[in-house]
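Notes follow once the structure below has been shown.
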Amino acid sequence: MIDTGSVAWVLASTALVLLMTPALGLFYGGMVRKKNFISVLMLVFASLMIVILQWFLIGYSLVFGTDVLVIGGLEHLGLNGVEFGTTLGLQIPDLLFAAFQMTFTGLTLAIIVSGVAERVKFGAFLLFGVLWTTFVYDPIAHWLWGGGWLQQLGALDFAGGTVVHISAGFGALALAIYIGKRSGFGSYNFHPQNIPLTFFAGGVLLFGWMGFNGGSALAANELAIHAIVVTLISAAAGTISWMIANWRHGKPSSLGFISGTIAGLGAITPAAGFVNMWAALLIGTVAGILCYYALIWRVKKGFDESLDAWSIHGVGGFWGTIACGIFATATVGGVSGLIEGNAYLLGIQILDACVTAVFAFGATYLLAWVVDKTVGLRVSEDEEYIGLDLTLHGEMVR
């Protein structure tokens with residue numbers, strides 16, 4: 001039976017998550033060079049636009065259609081049969097559920113922009129985005145949320161730690177390795193063009209995350225409230241622990257400060273509906289430290305994953321997915337983890353995180369190769385030197 005309060009909350013949450021994509025564009029845009037600011041905004045916002053169409057035409061069906069081996073069936077093409085009823089057994093219409101899930105898909109593809117920022121062809125990325133959403137995101141989402149094999153085994157992902165953050169983070173790393181470093185990377189200092197913009201956009205992402213995690217309760221109830229509270233606790237813990245780790249090696253930077261916030265948010269996402277507040281504090285604390293040192297490792301290895309989706313989203317989501325298997329408590333989400341004697345859940349969460357990371361990395365690398373061999377993935381050296389705003393879009397920030 002439809003509950004109007006739940007409908008209102010999930011409608012609001014859909015709007016909050018939708019806002020996160022342009023916020024991510026500003027978050028990334030502040031970290032690139034001025035000559036590529038518009039390019040990054042275009043890549044991020046275009047990710048959302050092409051996903052909306054892909055989701056309507058085929059994506060929803062591939063995720064939530066009847067399980068066929070490792071993907072959903074085609075019975076919901078064009079959102080066929082997805083109307084205002086409640087065939088899914090929720091307190092909201094199926095069509096609202098589809099819209100809410102669509103915003104997650106668009107944000108996930110947008111996160112991957114991190115791996116190719118300042119050096120990718122716009123048209124090539126659009127082609128890659130359609131392929132990646134169809135052949136990487138949709139299968140993973142089906143496995144965890146659409147009745148697929150990981151869900152059948154009992155794997156938990158409350159709001160996208162696996163589906164969104166591991167897939168996007170490890171996908172971004174694969175893209176960065178395939179496309180190669182930006183010209184001059186390691187030789188020149190690529191200063192972020194507007195750190196205050198990134199800091200502000202991070203605050204907007206924190207605001208949107210209330211719908212991201214709180215809305216994943218899919219009802220206006222106690223679980224939604226709990227998810228919001230633990231999300232805030234983890235975000236704060238991740239911020240402070242990253243700052244302390246950063247401080248030990250220099251000065252507490254504002255860019256690191258807001259990065260720690262995102263690390264805490266990504267880590268709690270898979271567990272927000274399953275762990276208590278003390279566990280959230282620990283999850284966020286570990287996330288801030290772990291993601292900080294993952295970033296340091298990435299830099300030392302020379303991987304030009306420009307905007308750190310892997311070290312923050314990928315590693316944070318990986319840790320949070322495993323932590324859910326440790327700290328899940330029956331009093332919150334009805335499932336016990338390792339601490340309450342259920343070692344099986346921890347094993348499944350480890351399997352979930354590892355399989356998703358390997359699949360996302362490998363499949364993304366393969367798709368990057370396919371796109372590169374067909375239309376070419378990277379801009380010319382001259383275009384990169386001049387800047388993609390002017391060479392690809394005929395515009396520039398003055």
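If you're wondering about the labels, chains in the structure tokens are A, B, ... by order shown, residues count from 1 in each chain, ligands from 1 in order shown.
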Item to complete: Skip Gly302 in chain A itself and residues of its chain fewer than 3 positions away, then list as JSON, numbers by chain all residues within 9 Å of it, counting only C-alpha atoms.
Response: {"A": [181, 185, 186, 297, 298, 299, 305]}
Discussion item. Which residues are near Gly147 in chain A? Cut-off 12 Å, only C-alpha atoms, ignore same chain within fewer than 4 positions. Put them as JSON, numbers by chain.
Written reply: {"A": [62, 63, 64, 65, 66, 67, 68, 69, 70, 71, 72, 73, 88, 139, 140, 141, 142, 143, 151, 152, 153, 154, 155, 156]}
Worksheet item: Contacts of Ala267 in chain A at 7 Å or less, counting only C-alpha atoms, minus same-chain residues fewer than 5 places along, as a PyMOL selection string?
Response: chain A and resi 161+283-284+287+316-317+319-320
Worksheet item: Using only C-alpha atoms, which residues sit within 8 Å of range 20-30 of chain A once same-chain residues fewer than 6 positions away are excluded, as a PyMOL selection string?
Response: chain A and resi 36-38+40-41+44-45+48+106-107+110-111+114+192-202+204-205+208-209+307
Those residues with C-alpha atoms, as a short mmCIF file (atom, residue, chain, number, x, y, z; two decimals), in the first residue's frame please?
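File result26.cif, as written:
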```cif
data_model
loop_
_atom_site.label_atom_id
_atom_site.label_comp_id
_atom_site.auth_asym_id
_atom_site.auth_seq_id
_atom_site.Cartn_x
_atom_site.Cartn_y
_atom_site.Cartn_z
CA ASN A 36 39.71 22.30 -18.60
CA PHE A 37 37.01 23.48 -16.19
CA ILE A 38 34.16 23.53 -18.71
CA VAL A 40 34.93 18.49 -16.75
CA LEU A 41 31.53 20.05 -16.14
CA VAL A 44 29.95 15.02 -15.54
CA PHE A 45 26.61 16.50 -16.58
CA LEU A 48 23.71 12.07 -16.10
CA GLY A 106 24.09 8.78 -13.36
CA LEU A 107 26.25 9.69 -10.39
CA ALA A 110 30.07 10.79 -13.40
CA ILE A 111 32.53 9.64 -10.71
CA SER A 114 38.13 11.27 -12.48
CA PRO A 192 43.87 22.93 -8.58
CA GLN A 193 42.32 26.03 -10.09
CA ASN A 194 39.73 26.71 -7.35
CA ILE A 195 39.95 24.85 -4.05
CA PRO A 196 37.15 26.90 -2.38
CA LEU A 197 34.82 25.73 -5.17
CA THR A 198 35.76 22.12 -4.49
CA PHE A 199 35.28 22.65 -0.76
CA PHE A 200 31.83 24.16 -1.27
CA ALA A 201 30.82 21.42 -3.71
CA GLY A 202 31.92 18.84 -1.15
CA VAL A 204 26.73 20.08 -1.30
CA LEU A 205 27.67 16.41 -1.75
CA GLY A 208 22.87 15.28 -1.08
CA TRP A 209 24.17 12.19 0.71
CA LEU A 307 40.74 13.38 -9.10
#
```
Worksheet item: So which residues touch Leu127 in chain A within 10 Å, counting only C-alpha atoms, skipping near sequence neighbours fewer than 6 positions away, as a count of residues only?
Response: 6
So that each row is one residue of range 39-155 of chain A with an atom at most 9 Å from range 354-363 of chain A, can you give its shortest atom pair and the distance in Å to one decimal, using only C-alpha atoms, rows by chain and rising number, as CSV?
```
residue,atom,partner,partner_atom,distance
A:Trp132,CA,A:Ala363,CA,8.2
A:Phe135,CA,A:Ala363,CA,7.9
A:Val136,CA,A:Ala360,CA,6.3
A:Tyr137,CA,A:Ala360,CA,8.2
A:Ile140,CA,A:Thr356,CA,7.0
```
Once you have the residues from the selection above, write them out as a compact mmCIF listing (two decimals), in the first residue's frame, restricted to N, CA, C and O atoms.
```
# COMPACT_ATOMS: atom_id res chain seq x y z
N TRP A 132 29.71 1.40 -20.68
CA TRP A 132 30.06 1.08 -19.29
C TRP A 132 28.82 0.89 -18.44
O TRP A 132 28.73 -0.04 -17.64
N PHE A 135 27.24 -2.54 -19.55
CA PHE A 135 27.98 -3.80 -19.38
C PHE A 135 28.77 -3.91 -18.07
O PHE A 135 29.30 -4.97 -17.77
N VAL A 136 28.82 -2.82 -17.31
CA VAL A 136 29.52 -2.89 -16.02
C VAL A 136 28.55 -2.55 -14.88
O VAL A 136 28.31 -3.37 -13.99
N TYR A 137 28.01 -1.34 -14.90
CA TYR A 137 27.13 -0.93 -13.81
C TYR A 137 25.90 -1.82 -13.70
O TYR A 137 25.56 -2.31 -12.61
N ILE A 140 26.45 -5.33 -12.19
CA ILE A 140 26.79 -5.26 -10.76
C ILE A 140 25.56 -4.90 -9.93
O ILE A 140 25.30 -5.50 -8.88
```
Worksheet item: Can you tell me how far CA of Thr239 in chain A sits from CA of Gly264 in chain A, in Å to one decimal?
Response: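 A separation of 6.9 Å between them.
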Worksheet, complete the sentence: Shortest contact to Trp9 in chain A, candidates A:Ala245, A:Ala220, A:Ile240, A:Val275, atoms counted only C-alpha atoms, goes to A:Ala220
Discussion item. Considering only alpha helix (DSSP H) as DSSP defines it on the backbone, what residues of range 253-367 of chain A qualify? List them as a PyMOL selection string.
Written reply: chain A and resi 254-268+277-301+309+315-327+330-333+343-367
Worksheet item: Looking at A:Ala172, A:Leu388, A:Leu126, A:Leu223, which one is nearest to Arg33 in chain A, with distances taken over only C-alpha atoms?
Response: A:Leu388
